[in-house]
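Structure data follow from target.pdb (PDB, C-alpha atoms):
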ATOM      1  CA  MET A   1     161.296 184.475-119.687
ATOM      2  CA  LYS A   2     160.242 180.985-118.871
ATOM      3  CA  ASN A   3     159.302 178.825-121.858
ATOM      4  CA  LYS A   4     156.123 177.062-120.772
ATOM      5  CA  ASN A   5     155.965 174.704-123.773
ATOM      6  CA  VAL A   6     159.448 173.383-123.175
ATOM      7  CA  ASP A   7     158.710 172.847-119.488
ATOM      8  CA  ASP A   8     155.519 170.937-120.265
ATOM      9  CA  LEU A   9     157.389 168.832-122.795
ATOM     10  CA  GLU A  10     160.110 168.042-120.279
ATOM     11  CA  PHE A  11     157.613 167.156-117.600
ATOM     12  CA  SER A  12     155.586 164.932-119.894
ATOM     13  CA  THR A  13     158.765 163.178-121.046
ATOM     14  CA  ILE A  14     159.882 162.541-117.457
ATOM     15  CA  LEU A  15     156.418 161.420-116.334
ATOM     16  CA  GLY A  16     155.912 159.305-119.399
ATOM     17  CA  HIS A  17     159.234 157.584-118.891
ATOM     18  CA  ALA A  18     158.561 157.079-115.183
ATOM     19  CA  SER A  19     155.167 155.630-115.981
ATOM     20  CA  ASP A  20     156.723 153.162-118.407
ATOM     21  CA  GLU A  21     159.295 152.133-115.840
ATOM     22  CA  HIS A  22     156.922 151.569-112.951
ATOM     23  CA  SER A  23     153.799 150.182-114.541
ATOM     24  CA  ILE A  24     153.949 146.460-115.087
ATOM     25  CA  ASN A  25     150.846 145.785-117.099
ATOM     26  CA  LYS A  26     147.945 148.118-117.683
ATOM     27  CA  ASN A  27     145.601 145.586-119.234
ATOM     28  CA  TYR A  28     142.658 145.872-116.902
ATOM     29  CA  VAL A  29     139.031 146.848-117.290
ATOM     30  CA  VAL A  30     137.818 150.173-116.022
ATOM     31  CA  GLN A  31     134.084 150.092-115.396
ATOM     32  CA  SER A  32     132.045 153.238-115.909
ATOM     33  CA  SER A  33     130.976 155.402-112.998
ATOM     34  CA  THR A  34     127.322 154.512-113.761
ATOM     35  CA  PHE A  35     128.204 150.856-113.310
ATOM     36  CA  ARG A  36     129.962 151.506-110.011
ATOM     37  CA  LEU A  37     127.062 153.601-108.743
ATOM     38  CA  THR A  38     124.434 151.009-109.756
ATOM     39  CA  PHE A  39     126.538 148.195-108.343
ATOM     40  CA  SER A  40     126.839 150.026-105.018
ATOM     41  CA  PHE A  41     123.072 150.476-104.991
ATOM     42  CA  ILE A  42     122.584 146.728-105.588
ATOM     43  CA  ASN A  43     124.917 145.884-102.705
ATOM     44  CA  LEU A  44     123.295 148.355-100.347
ATOM     45  CA  TYR A  45     119.754 147.296-101.261
ATOM     46  CA  ALA A  46     120.507 143.580-100.953
ATOM     47  CA  LEU A  47     122.282 144.016 -97.608
ATOM     48  CA  ILE A  48     119.411 146.052 -96.136
ATOM     49  CA  LEU A  49     116.960 143.465 -97.502
ATOM     50  CA  ILE A  50     118.894 140.598 -95.877
ATOM     51  CA  VAL A  51     119.039 142.452 -92.540
ATOM     52  CA  LEU A  52     115.315 143.161 -92.832
ATOM     53  CA  PHE A  53     114.593 139.489 -93.543
ATOM     54  CA  PHE A  54     116.271 138.545 -90.287
ATOM     55  CA  ILE A  55     114.655 141.383 -88.341
ATOM     56  CA  VAL A  56     111.199 140.239 -89.468
ATOM     57  CA  LYS A  57     112.126 136.604 -88.912
ATOM     58  CA  GLY A  58     113.353 137.285 -85.399
ATOM     59  CA  ASN A  59     110.293 139.441 -84.729
ATOM     60  CA  LEU A  60     112.607 142.152 -83.452
ATOM     61  CA  VAL A  61     110.318 144.997 -84.443
ATOM     62  CA  GLU A  62     106.683 145.113 -83.505
ATOM     63  CA  GLY A  63     104.327 144.739 -86.432
ATOM     64  CA  ILE A  64     100.661 145.443 -86.799
ATOM     65  CA  ASN A  65      99.838 141.857 -87.714
ATOM     66  CA  ASN A  66     102.059 139.144 -86.257
ATOM     67  CA  ASN A  67      99.972 136.229 -87.518
ATOM     68  CA  PHE A  68     101.351 136.125 -91.038
ATOM     69  CA  LEU A  69     104.625 134.703 -89.739
ATOM     70  CA  ASP A  70     102.753 131.545 -88.723
ATOM     71  CA  THR A  71     101.820 130.782 -92.331
ATOM     72  CA  GLY A  72     105.226 129.290 -93.137
ATOM     73  CA  PHE A  73     106.660 132.631 -94.125
ATOM     74  CA  LEU A  74     109.293 132.316 -91.395
ATOM     75  CA  SER A  75     111.204 129.422 -92.969
ATOM     76  CA  VAL A  76     110.919 131.068 -96.386
ATOM     77  CA  LEU A  77     112.474 134.298 -95.096
ATOM     78  CA  ASN A  78     115.299 132.371 -93.471
ATOM     79  CA  THR A  79     116.268 130.421 -96.595
ATOM     80  CA  ARG A  80     115.739 133.370 -98.937
ATOM     81  CA  GLY A  81     117.963 135.545 -96.743
ATOM     82  CA  ILE A  82     120.786 132.993 -96.810
ATOM     83  CA  LEU A  83     120.485 132.352-100.570
ATOM     84  CA  LEU A  84     120.454 136.074-101.357
ATOM     85  CA  PHE A  85     123.550 136.574 -99.204
ATOM     86  CA  ILE A  86     125.401 133.755-101.036
ATOM     87  CA  LEU A  87     124.410 135.219-104.407
ATOM     88  CA  LEU A  88     125.501 138.705-103.335
ATOM     89  CA  ILE A  89     128.918 137.383-102.297
ATOM     90  CA  SER A  90     129.235 135.520-105.631
ATOM     91  CA  LEU A  91     128.307 138.694-107.525
ATOM     92  CA  ASN A  92     130.974 140.704-105.706
ATOM     93  CA  ILE A  93     133.620 138.022-106.279
ATOM     94  CA  ALA A  94     132.713 137.871-109.994
ATOM     95  CA  ALA A  95     132.919 141.669-110.220
ATOM     96  CA  TYR A  96     136.273 141.789-108.405
ATOM     97  CA  PHE A  97     137.900 139.137-110.614
ATOM     98  CA  ASN A  98     135.910 140.290-113.656
ATOM     99  CA  SER A  99     135.091 136.720-114.529
ATOM    100  CA  GLY A 100     131.588 135.403-115.217
ATOM    101  CA  PHE A 101     129.954 138.561-113.875
ATOM    102  CA  LYS A 102     127.176 138.532-116.465
ATOM    103  CA  TYR A 103     126.247 134.942-115.640
ATOM    104  CA  VAL A 104     126.137 135.514-111.870
ATOM    105  CA  CYS A 105     124.153 138.694-112.468
ATOM    106  CA  LEU A 106     121.704 136.748-114.647
ATOM    107  CA  ILE A 107     121.347 134.018-112.010
ATOM    108  CA  MET A 108     120.664 136.628-109.314
ATOM    109  CA  LEU A 109     118.143 138.341-111.580
ATOM    110  CA  VAL A 110     116.294 135.076-112.221
ATOM    111  CA  TYR A 111     116.363 134.229-108.508
ATOM    112  CA  MET A 112     114.910 137.617-107.543
ATOM    113  CA  LEU A 113     112.195 137.400-110.202
ATOM    114  CA  ASN A 114     111.300 133.884-109.127
ATOM    115  CA  SER A 115     111.084 134.811-105.450
ATOM    116  CA  ALA A 116     108.950 137.854-106.337
ATOM    117  CA  ILE A 117     106.544 135.610-108.299
ATOM    118  CA  ASP A 118     106.468 133.054-105.447
ATOM    119  CA  ASN A 119     105.716 135.737-102.851
ATOM    120  CA  ALA A 120     103.011 137.272-105.014
ATOM    121  CA  VAL A 121     101.316 133.913-105.657
ATOM    122  CA  LEU A 122     101.706 132.254-102.258
ATOM    123  CA  PHE A 123     101.645 135.024 -99.678
ATOM    124  CA  SER A 124      99.570 137.796-101.192
ATOM    125  CA  GLY A 125      96.484 136.335 -99.486
ATOM    126  CA  PHE A 126      98.052 136.185 -96.030
ATOM    127  CA  MET A 127      99.955 139.431 -95.933
ATOM    128  CA  HIS A 128      98.791 142.973 -96.354
ATOM    129  CA  LEU A 129     100.963 145.939 -97.279
ATOM    130  CA  THR A 130     100.219 147.617 -93.942
ATOM    131  CA  ASP A 131     101.252 144.571 -91.854
ATOM    132  CA  ARG A 132     104.908 145.509 -92.012
ATOM    133  CA  PRO A 133     105.256 148.904 -93.689
ATOM    134  CA  TYR A 134     109.088 148.821 -93.773
ATOM    135  CA  PHE A 135     109.021 145.307 -95.230
ATOM    136  CA  SER A 136     106.315 146.185 -97.725
ATOM    137  CA  ALA A 137     108.397 149.159 -98.849
ATOM    138  CA  PHE A 138     111.056 146.727 -99.980
ATOM    139  CA  SER A 139     108.552 144.455-101.681
ATOM    140  CA  VAL A 140     107.100 147.394-103.580
ATOM    141  CA  THR A 141     110.510 148.766-104.597
ATOM    142  CA  ARG A 142     111.825 145.368-105.738
ATOM    143  CA  PRO A 143     111.343 146.303-109.436
ATOM    144  CA  LEU A 144     113.991 149.004-108.861
ATOM    145  CA  PHE A 145     116.441 146.348-107.736
ATOM    146  CA  ILE A 146     115.585 144.157-110.735
ATOM    147  CA  ILE A 147     116.036 147.119-113.116
ATOM    148  CA  ALA A 148     119.415 147.872-111.485
ATOM    149  CA  LEU A 149     120.481 144.237-112.031
ATOM    150  CA  ILE A 150     119.429 144.372-115.693
ATOM    151  CA  TRP A 151     121.294 147.661-116.071
ATOM    152  CA  VAL A 152     124.619 146.371-114.651
ATOM    153  CA  PHE A 153     124.195 143.246-116.784
ATOM    154  CA  ILE A 154     123.985 145.420-119.900
ATOM    155  CA  ILE A 155     126.694 147.993-119.143
ATOM    156  CA  HIS A 156     129.274 145.624-117.644
ATOM    157  CA  LYS A 157     132.462 145.459-119.718
ATOM    158  CA  ASP A 158     134.005 142.021-119.511
ATOM    159  CA  LYS A 159     136.646 142.308-122.227
ATOM    160  CA  LYS A 160     140.105 143.548-121.353
ATOM    161  CA  LYS A 161     141.059 146.793-123.053
ATOM    162  CA  SER A 162     144.492 148.365-123.128
ATOM    163  CA  ILE A 163     144.734 151.831-121.702
ATOM    164  CA  LYS A 164     146.419 154.244-124.076
ATOM    165  CA  LYS A 165     149.721 155.503-122.880
ATOM    166  CA  VAL A 166     150.063 159.294-122.589
TER     167      VAL A 166
ATOM    168  CA  MET B 167     117.684 135.003-141.936
ATOM    169  CA  PHE B 168     118.221 131.902-139.791
ATOM    170  CA  GLU B 169     121.607 130.911-138.466
ATOM    171  CA  ASN B 170     122.814 127.357-138.263
ATOM    172  CA  PRO B 171     123.916 126.874-134.645
ATOM    173  CA  GLN B 172     127.166 124.915-134.540
ATOM    174  CA  VAL B 173     126.393 122.717-131.557
ATOM    175  CA  SER B 174     127.085 119.081-130.795
ATOM    176  CA  LYS B 175     124.681 116.177-131.137
ATOM    177  CA  LEU B 176     124.646 115.907-127.348
ATOM    178  CA  PHE B 177     123.249 119.438-127.219
ATOM    179  CA  TRP B 178     120.340 118.459-129.486
ATOM    180  CA  PHE B 179     119.792 115.337-127.393
ATOM    181  CA  SER B 180     119.724 117.391-124.172
ATOM    182  CA  MET B 181     117.384 119.886-125.781
ATOM    183  CA  SER B 182     115.005 117.104-126.814
ATOM    184  CA  ILE B 183     114.992 115.745-123.254
ATOM    185  CA  ALA B 184     114.236 119.213-121.866
ATOM    186  CA  TYR B 185     111.458 119.739-124.419
ATOM    187  CA  SER B 186     109.961 116.304-123.755
ATOM    188  CA  PHE B 187     109.930 116.993-120.033
ATOM    189  CA  CYS B 188     108.297 120.402-120.465
ATOM    190  CA  PHE B 189     105.596 119.058-122.783
ATOM    191  CA  SER B 190     104.936 116.188-120.379
ATOM    192  CA  ALA B 191     104.611 118.643-117.496
ATOM    193  CA  LEU B 192     102.250 120.834-119.510
ATOM    194  CA  TYR B 193     100.146 117.806-120.405
ATOM    195  CA  THR B 194     100.121 116.421-116.843
ATOM    196  CA  TYR B 195      99.109 119.644-115.115
ATOM    197  CA  SER B 196      96.542 120.642-117.703
ATOM    198  CA  THR B 197      94.806 117.264-117.558
ATOM    199  CA  ILE B 198      94.610 116.711-113.801
ATOM    200  CA  PRO B 199      91.218 115.121-113.093
ATOM    201  CA  GLU B 200      88.786 117.334-111.198
ATOM    202  CA  TYR B 201      88.019 114.670-108.603
ATOM    203  CA  LEU B 202      91.693 114.547-107.641
ATOM    204  CA  LEU B 203      91.697 118.260-106.817
ATOM    205  CA  GLU B 204      88.404 117.978-104.945
ATOM    206  CA  LEU B 205      89.762 115.034-102.957
ATOM    207  CA  ASP B 206      92.836 117.024-101.903
ATOM    208  CA  ASN B 207      91.079 120.321-101.565
ATOM    209  CA  THR B 208      93.453 121.793 -99.009
ATOM    210  CA  ILE B 209      94.970 125.274 -98.949
ATOM    211  CA  GLN B 210      98.381 123.779 -99.699
ATOM    212  CA  VAL B 211      97.217 121.986-102.860
ATOM    213  CA  ASN B 212      95.311 125.055-104.054
ATOM    214  CA  LEU B 213      98.373 127.259-103.590
ATOM    215  CA  THR B 214     100.548 124.692-105.358
ATOM    216  CA  MET B 215      98.212 124.548-108.340
ATOM    217  CA  LYS B 216      98.144 128.356-108.492
ATOM    218  CA  LEU B 217     101.931 128.454-108.498
ATOM    219  CA  ALA B 218     102.141 125.611-111.035
ATOM    220  CA  THR B 219      99.838 127.507-113.397
ATOM    221  CA  VAL B 220     102.094 130.578-113.321
ATOM    222  CA  ARG B 221     105.177 128.428-113.851
ATOM    223  CA  LEU B 222     103.581 126.522-116.741
ATOM    224  CA  ALA B 223     102.715 129.797-118.452
ATOM    225  CA  ILE B 224     106.388 130.820-118.222
ATOM    226  CA  ILE B 225     107.465 127.378-119.501
ATOM    227  CA  ALA B 226     105.092 127.660-122.483
ATOM    228  CA  LEU B 227     106.557 131.070-123.335
ATOM    229  CA  ALA B 228     110.103 129.723-123.043
ATOM    230  CA  LEU B 229     109.272 126.738-125.277
ATOM    231  CA  VAL B 230     108.132 129.103-128.000
ATOM    232  CA  ALA B 231     110.921 131.649-127.551
ATOM    233  CA  TYR B 232     113.858 129.237-127.320
ATOM    234  CA  PRO B 233     113.978 128.030-130.960
ATOM    235  CA  ILE B 234     113.602 131.625-132.159
ATOM    236  CA  ILE B 235     116.560 132.753-130.038
ATOM    237  CA  LEU B 236     118.637 129.703-130.955
ATOM    238  CA  PHE B 237     118.164 130.035-134.707
ATOM    239  CA  ARG B 238     117.741 133.792-135.115
ATOM    240  CA  PHE B 239     119.755 135.421-132.292
ATOM    241  CA  PHE B 240     122.333 132.774-131.529
ATOM    242  CA  LYS B 241     124.751 135.068-129.697
ATOM    243  CA  TYR B 242     122.112 135.638-126.994
ATOM    244  CA  ALA B 243     121.205 131.927-126.743
ATOM    245  CA  LYS B 244     123.793 131.283-124.029
ATOM    246  CA  TYR B 245     122.366 133.981-121.765
ATOM    247  CA  PHE B 246     118.828 132.704-122.323
ATOM    248  CA  THR B 247     119.879 129.114-121.623
ATOM    249  CA  VAL B 248     121.767 130.122-118.453
ATOM    250  CA  ALA B 249     118.700 132.078-117.288
ATOM    251  CA  LEU B 250     116.421 129.082-117.891
ATOM    252  CA  THR B 251     118.847 126.747-116.106
ATOM    253  CA  ALA B 252     119.080 129.135-113.160
ATOM    254  CA  TRP B 253     115.297 129.297-113.024
ATOM    255  CA  ALA B 254     114.937 125.492-113.174
ATOM    256  CA  VAL B 255     117.450 125.120-110.327
ATOM    257  CA  ALA B 256     115.817 127.962-108.350
ATOM    258  CA  ILE B 257     112.326 126.425-108.516
ATOM    259  CA  TYR B 258     113.749 123.015-107.624
ATOM    260  CA  ILE B 259     115.483 124.465-104.553
ATOM    261  CA  ASP B 260     112.317 126.426-103.746
ATOM    262  CA  ASP B 261     110.098 123.351-103.907
ATOM    263  CA  TYR B 262     112.281 121.051-101.863
ATOM    264  CA  PHE B 263     114.047 123.364 -99.419
ATOM    265  CA  VAL B 264     112.231 126.696 -99.177
ATOM    266  CA  LEU B 265     108.541 126.020 -99.764
ATOM    267  CA  SER B 266     108.460 122.404 -98.601
ATOM    268  CA  GLU B 267     106.105 123.238 -95.706
ATOM    269  CA  ILE B 268     103.834 125.400 -97.804
ATOM    270  CA  ILE B 269     103.199 123.589-101.076
ATOM    271  CA  LYS B 270     101.842 120.092-101.647
ATOM    272  CA  TYR B 271     101.309 118.458-105.019
ATOM    273  CA  PRO B 272      98.085 116.447-105.578
ATOM    274  CA  GLU B 273      98.325 112.690-105.084
ATOM    275  CA  SER B 274      98.887 111.431-108.604
ATOM    276  CA  GLN B 275     101.335 108.898-110.013
ATOM    277  CA  LEU B 276     101.920 110.970-113.126
ATOM    278  CA  ILE B 277     102.764 114.085-111.091
ATOM    279  CA  SER B 278     105.128 112.054-108.892
ATOM    280  CA  LEU B 279     106.819 110.718-112.020
ATOM    281  CA  ILE B 280     107.217 114.214-113.467
ATOM    282  CA  GLN B 281     108.622 115.476-110.156
ATOM    283  CA  SER B 282     111.137 112.642-109.964
ATOM    284  CA  LEU B 283     112.354 113.369-113.501
ATOM    285  CA  ARG B 284     113.159 117.011-112.757
ATOM    286  CA  PRO B 285     116.872 116.412-111.971
ATOM    287  CA  ILE B 286     117.303 114.858-115.444
ATOM    288  CA  MET B 287     115.822 117.960-117.048
ATOM    289  CA  ILE B 288     118.100 120.179-114.927
ATOM    290  CA  ALA B 289     121.116 118.081-115.982
ATOM    291  CA  SER B 290     120.136 118.503-119.654
ATOM    292  CA  LEU B 291     119.803 122.250-119.242
ATOM    293  CA  LEU B 292     123.132 122.389-117.421
ATOM    294  CA  TRP B 293     124.843 120.624-120.305
ATOM    295  CA  MET B 294     123.238 123.011-122.812
ATOM    296  CA  SER B 295     124.446 126.004-120.784
ATOM    297  CA  VAL B 296     127.963 124.652-120.397
ATOM    298  CA  GLU B 297     128.243 123.912-124.087
ATOM    299  CA  LEU B 298     126.993 127.321-125.134
ATOM    300  CA  VAL B 299     129.171 129.195-122.633
ATOM    301  CA  PHE B 300     132.355 127.267-123.503
ATOM    302  CA  ARG B 301     131.413 126.946-127.153
ATOM    303  CA  PRO B 302     134.889 127.102-128.753
ATOM    304  CA  MET B 303     135.863 124.067-126.703
ATOM    305  CA  ALA B 304     132.852 122.035-127.820
ATOM    306  CA  VAL B 305     133.514 119.095-130.115
ATOM    307  CA  ASP B 306     131.100 117.001-132.095
ATOM    308  CA  TRP B 307     130.374 113.841-130.087
TER     309      TRP B 307
END
Could you quickly redo this structure as structure tokens?
Amino acid sequence: MKNKNVDDLEFSTILGHASDEHSINKNYVVQSSTFRLTFSFINLYALILIVLFFIVKGNLVEGINNNFLDTGFLSVLNTRGILLFILLISLNIAAYFNSGFKYVCLIMLVYMLNSAIDNAVLFSGFMHLTDRPYFSAFSVTRPLFIIALIWVFIIHKDKKKSIKKV
Amino acid sequence: MFENPQVSKLFWFSMSIAYSFCFSALYTYSTIPEYLLELDNTIQVNLTMKLATVRLAIIALALVAYPIILFRFFKYAKYFTVALTAWAVAIYIDDYFVLSEIIKYPESQLISLIQSLRPIMIASLLWMSVELVFRPMAVDW
């Protein structure tokens, strides 16, 4: 009869040895699945927002009220779109190299909060929620994006931890 | 209860510059003469004053909160300082590159002076952030 315990022991010895031989250095950070999910959401949201900025700027989709673009909102959308794109790239680079992620995340958070305050103070009189329903949807759901940024800021692990060998 | 933050003299100097600037801005915007606003009663100036009021409220909050964070929760001071620096840079970029066609400050020498001193305040904040982030490297100057 086959001895299962012995077989498992042999396999684990072989695999363990092989793992030691082939792995160079296992000192890297493994982020949680919640982090990866939230980070993907941030990327997706920001990318759609940037595309939307340029769609509205280029007047590619018919809106109910086209006059609000004449109030200087056009140049604001252009610059905001570019700045958000640069910040998004910086955030991804910081996450990939796991260096300064929290700081870039904080800067992006501050930038988004500031632009939300600016929009609320300067353009709330010129623009109505029904002018551009798809654009308004993003303005209304911006707190979600800000909460996601705060969440990744909190749960991000920036210290290197050694993975236990089996 | 209170921690003694081990920071350089240059940090305290930068902090005093930043505080002086913020208090000057608070004083300047809260004491703008009425006739000046009536003289420049355009939509742009009104919007600018509305935005400045919101910003000054945030500045006042930060002025109160900063010493508490620095002396009581020192390990979070670097994040708070970086956030404030990022905000100072963001509103500077906003004013000069993004909202330049939309906002217009009232014609006043004191306001012009405050506006021209903003880069110095940003430089002070930048130094404070750099020192707090790379704290082990900081030496007493």
Selection under test: the ChimeraX specification (/B :<10) & /A; residues as a PyMOL selection string: chain A and resi 71-73+75-80+100+102-115+117-123
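The gap separating atom CA of B:Cys188 from atom CA of B:Ile280 is 9.4 Å, in Å to one decimal.
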Please tell me which residues are no farther than 10 Å from (116.4, 150.0, -106.9) in the file, counting only C-alpha atoms, and write them as a short mmCIF file (atom, residue, chain, number, x, y, z; two decimals) with C-alpha atoms, in the coordinates of the input.
data_model
loop_
_atom_site.label_atom_id
_atom_site.label_comp_id
_atom_site.auth_asym_id
_atom_site.auth_seq_id
_atom_site.Cartn_x
_atom_site.Cartn_y
_atom_site.Cartn_z
CA THR A 38 124.43 151.01 -109.76
CA PHE A 41 123.07 150.48 -104.99
CA ILE A 42 122.58 146.73 -105.59
CA LEU A 44 123.30 148.35 -100.35
CA TYR A 45 119.75 147.30 -101.26
CA ALA A 46 120.51 143.58 -100.95
CA PHE A 138 111.06 146.73 -99.98
CA THR A 141 110.51 148.77 -104.60
CA ARG A 142 111.82 145.37 -105.74
CA PRO A 143 111.34 146.30 -109.44
CA LEU A 144 113.99 149.00 -108.86
CA PHE A 145 116.44 146.35 -107.74
CA ILE A 146 115.58 144.16 -110.74
CA ILE A 147 116.04 147.12 -113.12
CA ALA A 148 119.42 147.87 -111.48
CA LEU A 149 120.48 144.24 -112.03
#
I'd like the interatomic distance between atom CA of A:Ala116 and atom CA of A:Ile89, to a tenth of an Å. 20.4 Å
Residues near B:Phe177, cut-off 9 Å, only C-alpha atoms, skip fewer than 6 positions along chain, as a VMD selection string: chain B and resid 290 293 to 294 297 to 298
Decode the PyMOL selection byres ((chain B and resi 184) around 9) for the given file into explicit residues and return them as a PyMOL selection string. chain B and resi 179-183+185-189+286-288+290-291
Please produce a file of the residues just selected, as a compact mmCIF listing (two decimals), in the frame of the given file, where the atoms kept are C-alpha atoms.
# COMPACT_ATOMS: atom_id res chain seq x y z
CA PHE B 179 119.79 115.34 -127.39
CA SER B 180 119.72 117.39 -124.17
CA MET B 181 117.38 119.89 -125.78
CA SER B 182 115.00 117.10 -126.81
CA ILE B 183 114.99 115.74 -123.25
CA TYR B 185 111.46 119.74 -124.42
CA SER B 186 109.96 116.30 -123.76
CA PHE B 187 109.93 116.99 -120.03
CA CYS B 188 108.30 120.40 -120.46
CA PHE B 189 105.60 119.06 -122.78
CA ILE B 286 117.30 114.86 -115.44
CA MET B 287 115.82 117.96 -117.05
CA ILE B 288 118.10 120.18 -114.93
CA SER B 290 120.14 118.50 -119.65
CA LEU B 291 119.80 122.25 -119.24
Of the residues A:Val152, A:Leu74, A:Leu52, A:Ile93, which is the one nearest to A:Ser40, using only C-alpha atoms?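 Comparing A:Val152, A:Leu74, A:Leu52, A:Ile93 against A:Ser40, the winner is A:Val152.
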Quick one: pull the distance between atom CA of A:Phe35 and atom CA of A:Leu83, Å, one decimal.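 These atoms are spaced 23.8 Å apart.
Residues with any atom within 9 Å of A:Asn98, counting only C-alpha atoms and excluding same-chain neighbours fewer than 5 positions away, are Val29, Ile93, Lys157, Asp158 and Lys159 of chain A.
The closest residue to B:Ala223, picked from B:Ser274, B:Leu279, B:Ala191, B:Glu169 and counting all atoms listed in the file, is B:Ala191.
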Please identify all polymer residues within 10 Å of B:Gln281, counting only C-alpha atoms, omitting same-chain residues fewer than 3 positions from it, and present them as a PDB file with C-alpha atoms, keeping the file's coordinate frame.
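Contents of result.pdb, freshly written:
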ATOM      1  CA  ALA B 191     104.611 118.643-117.496  1.00  0.00           C
ATOM      2  CA  TYR B 258     113.749 123.015-107.624  1.00  0.00           C
ATOM      3  CA  TYR B 271     101.309 118.458-105.019  1.00  0.00           C
ATOM      4  CA  GLN B 275     101.335 108.898-110.013  1.00  0.00           C
ATOM      5  CA  LEU B 276     101.920 110.970-113.126  1.00  0.00           C
ATOM      6  CA  ILE B 277     102.764 114.085-111.091  1.00  0.00           C
ATOM      7  CA  SER B 278     105.128 112.054-108.892  1.00  0.00           C
ATOM      8  CA  ARG B 284     113.159 117.011-112.757  1.00  0.00           C
ATOM      9  CA  PRO B 285     116.872 116.412-111.971  1.00  0.00           C
TER      10      PRO B 285
END
Of the candidates A:Ser99, A:Asn92, A:Ser32, A:Ser124, which one gets nearest to A:Ile155 if we count only C-alpha atoms?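 That would be A:Ser32, the residue with the smallest distance to A:Ile155.
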